[in-house]
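For reference, target_12.cif is printed below; it contains mmCIF, C-alpha atoms and all ligand atoms.
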```cif
data_query
#
loop_
_atom_site.label_atom_id
_atom_site.label_comp_id
_atom_site.auth_asym_id
_atom_site.auth_seq_id
_atom_site.Cartn_x
_atom_site.Cartn_y
_atom_site.Cartn_z
CA MET Q 328 0.00 0.00 0.00
CA THR Q 329 1.16 3.52 -0.72
CA ILE Q 330 -0.05 6.47 1.32
CA SER Q 331 -1.85 9.14 -0.61
CA ILE Q 332 -3.35 12.35 0.74
CA ARG Q 333 -6.10 14.23 -1.04
CA GLN Q 334 -6.96 17.74 0.15
CA ILE Q 335 -10.73 17.95 0.77
CA HIS Q 336 -11.15 21.62 1.72
CA PRO Q 337 -9.96 24.72 -0.19
CA VAL Q 338 -7.40 25.79 2.44
CA PHE Q 339 -6.57 22.70 4.58
CA VAL Q 340 -7.61 19.13 5.62
CA GLY Q 341 -6.41 16.02 3.80
CA GLU Q 342 -8.04 12.60 3.53
CA VAL Q 343 -5.48 9.82 3.79
CA SER Q 344 -5.71 6.45 2.09
CA GLY Q 345 -3.39 3.47 1.74
CA VAL Q 346 -2.43 2.93 5.37
CA ASP Q 347 -3.57 0.58 8.15
CA LEU Q 348 -2.86 2.20 11.51
CA ARG Q 349 -3.15 -1.08 13.43
CA HIS Q 350 0.32 -2.05 12.19
CA PRO Q 351 3.74 -0.43 12.75
CA LEU Q 352 4.48 2.23 10.14
CA THR Q 353 7.62 2.44 8.01
CA PRO Q 354 9.79 5.58 8.34
CA GLU Q 355 8.58 6.57 4.85
CA GLU Q 356 4.95 6.34 5.95
CA VAL Q 357 5.64 8.43 9.06
CA ALA Q 358 7.42 11.03 6.92
CA ALA Q 359 4.49 11.12 4.46
CA ILE Q 360 2.02 11.71 7.30
CA GLU Q 361 4.20 14.44 8.87
CA ALA Q 362 4.50 16.16 5.48
CA GLY Q 363 0.71 15.89 5.09
CA MET Q 364 0.24 17.45 8.52
CA ASP Q 365 2.59 20.32 7.67
CA ARG Q 366 0.59 21.01 4.51
CA CYS Q 367 -3.01 20.19 5.51
CA ALA Q 368 -2.92 20.67 9.34
CA VAL Q 369 -5.80 18.16 9.71
CA LEU Q 370 -5.80 14.59 8.36
CA VAL Q 371 -8.78 12.25 8.12
CA PHE Q 372 -8.22 8.47 8.16
CA ARG Q 373 -11.32 6.34 7.49
CA ASP Q 374 -12.08 2.79 8.67
CA GLN Q 375 -9.37 2.51 11.35
CA ASN Q 376 -10.73 0.03 13.87
CA ILE Q 377 -7.86 0.31 16.34
CA ALA Q 378 -7.35 -0.61 20.00
CA ASP Q 379 -5.94 1.80 22.59
CA GLU Q 380 -2.50 0.15 22.49
CA GLN Q 381 -2.37 0.50 18.71
CA GLN Q 382 -3.42 4.14 18.93
CA ILE Q 383 -0.68 4.77 21.51
CA ALA Q 384 1.92 3.07 19.29
CA PHE Q 385 0.79 5.12 16.26
CA THR Q 386 0.98 8.33 18.30
CA ARG Q 387 4.56 7.63 19.43
CA ASN Q 388 5.73 7.92 15.81
CA PHE Q 389 5.35 11.69 16.13
CA GLY Q 390 6.88 12.39 19.55
CA GLU Q 391 6.35 11.90 23.25
CA ILE Q 392 2.79 11.34 24.45
CA GLU Q 393 1.41 14.13 26.61
CA ASN Q 394 0.13 12.88 29.95
CA SER Q 395 -3.55 13.73 30.36
CA ALA Q 396 -3.11 14.76 34.03
CA GLY Q 397 -3.83 18.38 34.85
CA GLY Q 398 -6.32 18.94 32.04
CA THR Q 399 -9.56 17.92 33.69
CA VAL Q 400 -11.60 17.96 36.89
CA THR Q 401 -12.06 14.18 36.66
CA LYS Q 402 -10.32 12.44 39.56
CA ALA Q 403 -7.92 9.55 38.85
CA HIS Q 404 -10.32 6.95 40.28
CA GLU Q 405 -13.13 8.27 38.03
CA LYS Q 406 -11.11 7.69 34.86
CA ARG Q 407 -12.21 5.08 32.39
CA LEU Q 408 -9.03 4.94 30.28
CA ASN Q 409 -5.24 4.56 30.53
CA PRO Q 410 -3.62 7.91 31.58
CA LEU Q 411 -1.97 8.11 28.14
CA MET Q 412 -5.47 8.45 26.63
CA ASN Q 413 -7.73 11.49 26.97
CA ASP Q 414 -11.31 10.40 27.42
CA VAL Q 415 -13.38 12.65 25.17
CA SER Q 416 -16.45 10.45 25.52
CA ASN Q 417 -19.59 11.28 27.48
CA LEU Q 418 -19.15 8.12 29.60
CA GLY Q 419 -18.32 7.21 33.18
CA THR Q 420 -16.39 4.19 34.48
CA ASP Q 421 -19.56 2.10 34.01
CA HIS Q 422 -19.44 3.01 30.27
CA GLN Q 423 -22.84 4.71 30.55
CA PRO Q 424 -23.57 8.35 29.71
CA LEU Q 425 -22.80 10.68 32.64
CA ALA Q 426 -25.67 12.16 34.62
CA ARG Q 427 -26.85 15.60 33.52
CA ASP Q 428 -25.31 17.37 36.52
CA ASP Q 429 -22.10 15.33 36.59
CA ARG Q 430 -19.12 17.64 37.06
CA THR Q 431 -17.02 15.92 34.37
CA ARG Q 432 -19.88 16.28 31.91
CA LEU Q 433 -20.31 19.98 32.68
CA PHE Q 434 -16.57 20.52 32.33
CA ASN Q 435 -16.42 18.64 29.02
CA LEU Q 436 -19.21 20.79 27.57
CA GLY Q 437 -16.41 23.36 27.26
CA ASN Q 438 -15.20 21.35 24.24
CA GLN Q 439 -18.03 23.04 22.34
CA LEU Q 440 -15.99 26.27 22.52
CA TRP Q 441 -13.30 26.86 19.90
CA HIS Q 442 -9.93 25.84 21.31
CA SER Q 443 -6.51 24.39 20.69
CA ASP Q 444 -5.75 21.35 22.87
CA SER Q 445 -3.50 22.02 25.86
CA SER Q 446 -2.95 25.72 25.16
CA PHE Q 447 -3.40 25.94 28.95
CA ARG Q 448 -0.11 24.07 29.42
CA ALA Q 449 3.24 25.90 29.55
CA ILE Q 450 4.45 23.67 26.71
CA PRO Q 451 1.34 23.17 24.62
CA ALA Q 452 0.51 20.13 22.49
CA LYS Q 453 1.77 19.38 18.99
CA TYR Q 454 -0.75 16.91 17.53
CA SER Q 455 -4.03 15.43 18.74
CA ILE Q 456 -5.22 12.07 17.44
CA LEU Q 457 -8.91 11.29 17.97
CA SER Q 458 -10.47 7.91 17.32
CA GLY Q 459 -14.23 7.57 16.95
CA ARG Q 460 -15.00 4.20 18.56
CA ILE Q 461 -18.75 4.79 18.93
CA VAL Q 462 -20.22 7.79 17.18
CA VAL Q 463 -23.66 9.34 17.38
CA GLU Q 464 -26.02 9.40 14.45
CA LYS Q 465 -26.92 13.08 14.65
CA GLY Q 466 -24.78 16.04 15.67
CA GLY Q 467 -21.38 15.77 17.36
CA ASN Q 468 -19.48 17.03 14.30
CA THR Q 469 -15.96 18.22 15.03
CA GLU Q 470 -15.19 21.52 13.35
CA PHE Q 471 -11.73 22.84 12.56
CA ALA Q 472 -10.53 26.35 11.75
CA ASP Q 473 -7.32 26.98 9.82
CA MET Q 474 -5.40 29.52 11.88
CA ARG Q 475 -2.80 30.10 9.14
CA SER Q 476 -5.50 31.41 6.82
CA ALA Q 477 -6.89 33.37 9.77
CA TYR Q 478 -3.53 35.08 10.22
CA ASP Q 479 -3.09 35.65 6.47
CA ALA Q 480 -6.47 37.42 6.30
CA LEU Q 481 -5.54 40.08 8.88
CA ASP Q 482 -4.55 43.54 7.66
CA ASP Q 483 -0.89 44.49 8.06
CA LYS Q 484 -1.48 46.73 11.05
CA THR Q 485 -3.36 44.02 12.97
CA LYS Q 486 -0.70 41.43 12.04
CA ALA Q 487 2.02 43.73 13.42
CA LEU Q 488 0.04 44.31 16.61
CA CYS Q 489 -0.67 40.60 17.15
CA GLU Q 490 3.03 39.75 16.70
CA THR Q 491 3.83 41.72 19.85
CA LEU Q 492 1.12 40.23 22.07
CA VAL Q 493 1.19 37.49 24.68
CA CYS Q 494 -2.04 35.98 26.07
CA GLU Q 495 -2.79 34.17 29.29
CA HIS Q 496 -4.54 30.81 28.85
CA SER Q 497 -6.32 28.81 31.53
CA LEU Q 498 -9.08 26.22 31.78
CA MET Q 499 -10.58 28.56 34.38
CA TYR Q 500 -11.18 31.18 31.67
CA SER Q 501 -12.83 28.81 29.17
CA ARG Q 502 -14.95 26.99 31.76
CA GLY Q 503 -15.59 30.19 33.68
CA SER Q 504 -17.01 31.78 30.51
CA MET Q 505 -19.65 29.01 30.51
CA GLY Q 506 -20.54 29.54 34.15
CA PHE Q 507 -18.88 26.33 35.33
CA PRO Q 508 -19.48 26.27 39.06
CA GLU Q 509 -16.65 26.81 41.58
CA PHE Q 510 -13.20 25.30 41.25
CA THR Q 511 -11.54 23.69 44.27
CA GLU Q 512 -8.28 25.17 45.61
CA GLU Q 513 -6.44 22.20 44.10
CA GLU Q 514 -8.02 22.86 40.69
CA LYS Q 515 -7.20 26.56 40.87
CA ALA Q 516 -3.56 25.67 41.45
CA MET Q 517 -3.62 23.09 38.64
CA PHE Q 518 -5.29 25.50 36.17
CA ARG Q 519 -3.01 28.47 36.89
CA PRO Q 520 -2.79 30.63 33.74
CA VAL Q 521 0.16 30.20 31.38
CA ARG Q 522 1.46 32.61 28.77
CA GLN Q 523 1.31 31.98 25.04
CA ALA Q 524 2.38 34.08 22.07
CA LEU Q 525 -0.58 35.21 19.95
CA VAL Q 526 1.30 34.51 16.72
CA ARG Q 527 3.25 31.32 16.12
CA SER Q 528 5.51 30.24 13.26
CA HIS Q 529 5.44 26.62 12.18
CA PRO Q 530 8.85 25.01 12.86
CA ASN Q 531 8.96 23.19 9.48
CA THR Q 532 7.13 25.46 7.05
CA GLY Q 533 7.68 28.85 8.72
CA ARG Q 534 4.02 29.72 8.10
CA LYS Q 535 2.54 32.01 10.70
CA SER Q 536 -0.72 31.31 12.48
CA LEU Q 537 -2.89 32.95 15.08
CA TYR Q 538 -2.73 31.06 18.36
CA LEU Q 539 -6.17 31.48 19.86
CA ALA Q 540 -8.39 29.37 22.12
CA SER Q 541 -11.32 29.88 24.45
CA HIS Q 542 -8.70 29.32 27.18
CA ALA Q 543 -7.19 32.73 26.34
CA GLY Q 544 -8.69 35.07 28.91
CA THR Q 545 -6.48 38.11 28.75
CA ILE Q 546 -3.56 39.82 27.03
CA VAL Q 547 -0.53 40.72 29.11
CA GLY Q 548 -0.51 44.46 29.82
CA TRP Q 549 -4.06 45.11 28.55
CA PRO Q 550 -7.20 45.91 30.53
CA ILE Q 551 -9.23 42.67 30.63
CA PRO Q 552 -12.40 43.92 28.86
CA GLU Q 553 -10.30 45.38 26.04
CA ALA Q 554 -8.36 42.12 25.72
CA ARG Q 555 -11.53 40.02 25.67
CA ALA Q 556 -13.22 42.24 23.11
CA PHE Q 557 -10.13 42.04 20.87
CA LEU Q 558 -9.81 38.25 21.27
CA ARG Q 559 -13.51 37.77 20.51
CA ASP Q 560 -13.14 39.83 17.38
CA LEU Q 561 -10.11 37.80 16.25
CA ASN Q 562 -11.96 34.55 17.00
CA GLU Q 563 -14.95 35.64 14.99
CA GLU Q 564 -12.79 36.52 11.99
CA ALA Q 565 -10.73 33.33 12.32
CA THR Q 566 -13.77 31.05 12.29
CA ARG Q 567 -15.49 32.49 9.23
CA PRO Q 568 -16.98 29.72 7.06
CA GLN Q 569 -14.22 29.80 4.42
CA ASN Q 570 -11.67 28.82 7.11
CA VAL Q 571 -13.75 26.03 8.64
CA TYR Q 572 -14.11 22.31 7.93
CA SER Q 573 -16.89 20.36 9.64
CA HIS Q 574 -16.26 16.64 10.11
CA LYS Q 575 -19.26 14.31 10.19
CA TRP Q 576 -18.04 11.24 12.08
CA ARG Q 577 -18.33 7.67 10.84
CA GLN Q 578 -17.44 4.84 13.21
CA PHE Q 579 -13.67 4.15 13.22
CA ASP Q 580 -12.72 7.47 11.67
CA LEU Q 581 -9.45 8.72 13.09
CA LEU Q 582 -8.65 12.42 12.94
CA MET Q 583 -5.26 13.94 13.48
CA TRP Q 584 -4.70 17.68 13.80
CA ASP Q 585 -1.90 20.12 14.44
CA ASN Q 586 -2.81 22.24 17.47
CA ARG Q 587 -0.17 24.78 16.49
CA GLN Q 588 -2.02 25.60 13.25
CA THR Q 589 -5.71 24.97 13.99
CA MET Q 590 -8.55 25.40 16.47
CA HIS Q 591 -11.45 22.98 16.82
CA ARG Q 592 -14.72 22.45 18.64
CA VAL Q 593 -17.36 19.74 18.92
CA ARG Q 594 -20.96 20.52 18.04
CA ARG Q 595 -23.94 19.66 20.18
CA PHE Q 596 -25.34 16.14 20.22
CA ASP Q 597 -27.82 14.07 22.25
CA ASP Q 598 -25.84 13.44 25.42
CA THR Q 599 -28.01 10.49 26.47
CA GLU Q 600 -26.56 8.48 23.56
CA VAL Q 601 -23.19 6.76 23.91
CA ARG Q 602 -20.37 8.66 22.17
CA ASP Q 603 -17.01 7.00 22.76
CA MET Q 604 -14.15 9.15 21.46
CA ARG Q 605 -10.57 8.53 22.56
CA ARG Q 606 -7.73 10.97 22.12
CA THR Q 607 -3.99 10.66 22.32
CA THR Q 608 -1.88 13.80 22.29
CA VAL Q 609 1.65 14.38 21.04
CA ALA Q 610 3.44 16.74 23.42
CA GLY Q 611 4.96 19.95 22.13
CA ASP Q 612 8.67 20.58 22.50
CA ALA Q 613 8.97 24.24 23.52
CA PRO Q 614 7.06 27.13 25.07
CA THR Q 615 5.67 29.74 22.63
CA THR Q 616 7.07 32.69 24.56
CA GLN Q 617 9.95 33.37 26.91
CA GLN Q 618 7.55 35.26 29.17
CA VAL Q 619 6.59 33.23 32.21
CA ALA Q 620 3.35 33.90 34.09
CA ALA Q 621 3.70 35.68 37.42
FE FE L 1 -10.09 19.52 22.00
#
```
Take the structure in the file and write it out as structure tokens.
Ligand SMILES: [Fe+2]
Amino acid sequence: MTISIRQIHPVFVGEVSGVDLRHPLTPEEVAAIEAGMDRCAVLVFRDQNIADEQQIAFTRNFGEIENSAGGTVTKAHEKRLNPLMNDVSNLGTDHQPLARDDRTRLFNLGNQLWHSDSSFRAIPAKYSILSGRIVVEKGGNTEFADMRSAYDALDDKTKALCETLVCEHSLMYSRGSMGFPEFTEEEKAMFRPVRQALVRSHPNTGRKSLYLASHAGTIVGWPIPEARAFLRDLNEEATRPQNVYSHKWRQFDLLMWDNRQTMHRVRRFDDTEVRDMRRTTVAGDAPTTQQVAA
């Protein structure tokens, strides 16, 4: 089999064929996928009925796996999956949908806001790899926005301004904006804001992108309302329809995206139906700014 990647959206997203992710990849296959990620930023693999161990092995081709600790309010004993997996399902340890008022469920509803995975970590994630083990019939699309095109579309003055700015990102901002009730002292310490540059350059292609997420709650040195108004405006521009791809899930689809070049969000679905989505995350290798949060 030979890997081929066909771009399926005018500005990004490739559909990959000719590879079975259950088996170890050759160095050439890994290189072809990396090159596809550099170009398309999101890759769609169809019909990949893989187990957790196979997903972990596939993920390791692209770097260290990011540990899921510190990114959720779910306690260790409430976790359904191996700590190398992020549970993006709507399920508890009994594999049934969580109760309506379950704290984990309320927290995970924040995934309906545009974000980049782990932008709330000092060294944010490189890739995310999401496997659709059980998908819902209606709703639950994952949408992606190309943040390179978003940057390209800014006028020169706004580009120059954004280049100088550093934002503070925290899960407390994104969940707080949805009215998530009270964080414990331990969670407040865990979700302490981190600083991220607003403009990033891709290490391989040099292309610039806007680094936004619902986790970004303020801009260093700006009054908070001014920062939030500016960030909302940038988000609105960045997620205009021409920059967005909406993925309708089929069972055993596997999606891979570059968090340095894209944002994403899940759309609403019937939360009483089982939706079992499992994510592995490739850790990033450097902070985006030398500025460290106070
Ligand atoms: Fe996400």
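Nearest to ligand FE 1 (chain L) of all the residues Q:Thr615, Q:Thr566, Q:Asn413, Q:Gln381 is Q:Asn413, based on only C-alpha atoms and all ligand atoms.
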Worksheet item: If you count all atoms listed in the file, which residues end up within 12 Å of ligand FE 1 (chain L), as a PyMOL selection string?
Response: chain Q and resi 398-399+413-416+435-447+452+454-457+469-471+498+540-542+582-586+589-594+604-608
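Residue nearest Leu348 of chain Q within the list Q:Asp603, Q:Glu361, Q:Ala384, Q:Ser395: Q:Ala384 [criterion: smallest interatomic distance, only C-alpha atoms].
Counting all atoms listed in the file, the residue from Q:Met499, Q:Gly341, Q:Ala378, Q:His404 that sits nearest to Thr511 of chain Q is Q:Met499.
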Practice prompt. Identify, on the basis of all atoms listed in the file, every residue whose closest approach to Glu563 of chain Q does not exceed 12 Å; exclude the query and any residue fewer than 2 positions from it along the same chain; express the result as an MDAnalysis selection string.
Written response: chainID Q and resid 441 472 474 477 539:541 556:561 565:568 570:571
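Distance check against Glu355 of chain Q using all atoms listed in the file: of Q:Thr599, Q:Gln334, Q:Gln618, Q:Thr329, the minimum falls on Q:Thr329.
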Worksheet item: In Å, how far is it from atom CA of Leu411 of chain Q to atom CA of Ile383 of chain Q?
Response: 7.5 Å
Worksheet item: Nearest to Val371 of chain Q: which of Q:Lys453, Q:Lys484, Q:Lys575, Q:Arg587 is it, counting all atoms listed in the file?
Response: Q:Lys575
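The two atoms in question, atom CA of Phe507 of chain Q and atom CA of Cys494 of chain Q, are spaced 21.5 Å apart.
Take the candidates Q:His529, Q:Leu581, Q:Ala554, Q:Asp429 and check each one against Glu495 of chain Q using all atoms listed in the file; the shortest distance goes to Q:Ala554.
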Worksheet item: How far is it from atom CA of Ser344 of chain Q to atom CA of Leu370 of chain Q, in Å with one decimal?
Response: 10.3 Å
Mind checking which residues fall within 8 Å of Phe596 of chain Q, counting all atoms listed in the file, ignoring those fewer than 2 positions away in the same chain, and posting them as a PDB file with C-alpha atoms, in the coordinates of the input?
```pdb
ATOM      1  CA  VAL Q 463     -23.660   9.340  17.380  1.00  0.00           C
ATOM      2  CA  LYS Q 465     -26.920  13.080  14.650  1.00  0.00           C
ATOM      3  CA  GLY Q 466     -24.780  16.040  15.670  1.00  0.00           C
ATOM      4  CA  GLY Q 467     -21.380  15.770  17.360  1.00  0.00           C
ATOM      5  CA  ARG Q 594     -20.960  20.520  18.040  1.00  0.00           C
ATOM      6  CA  ASP Q 598     -25.840  13.440  25.420  1.00  0.00           C
TER       7      ASP Q 598
END
```
Worksheet item: If I put a ball of radius 7 Å at (-3.8, 1.8, 14.4) in the file's coordinates, which residues poke into it when counting all atoms listed in the file, written as a ChimeraX atom specification?
Response: /Q:347-350,375,377,381-382,385
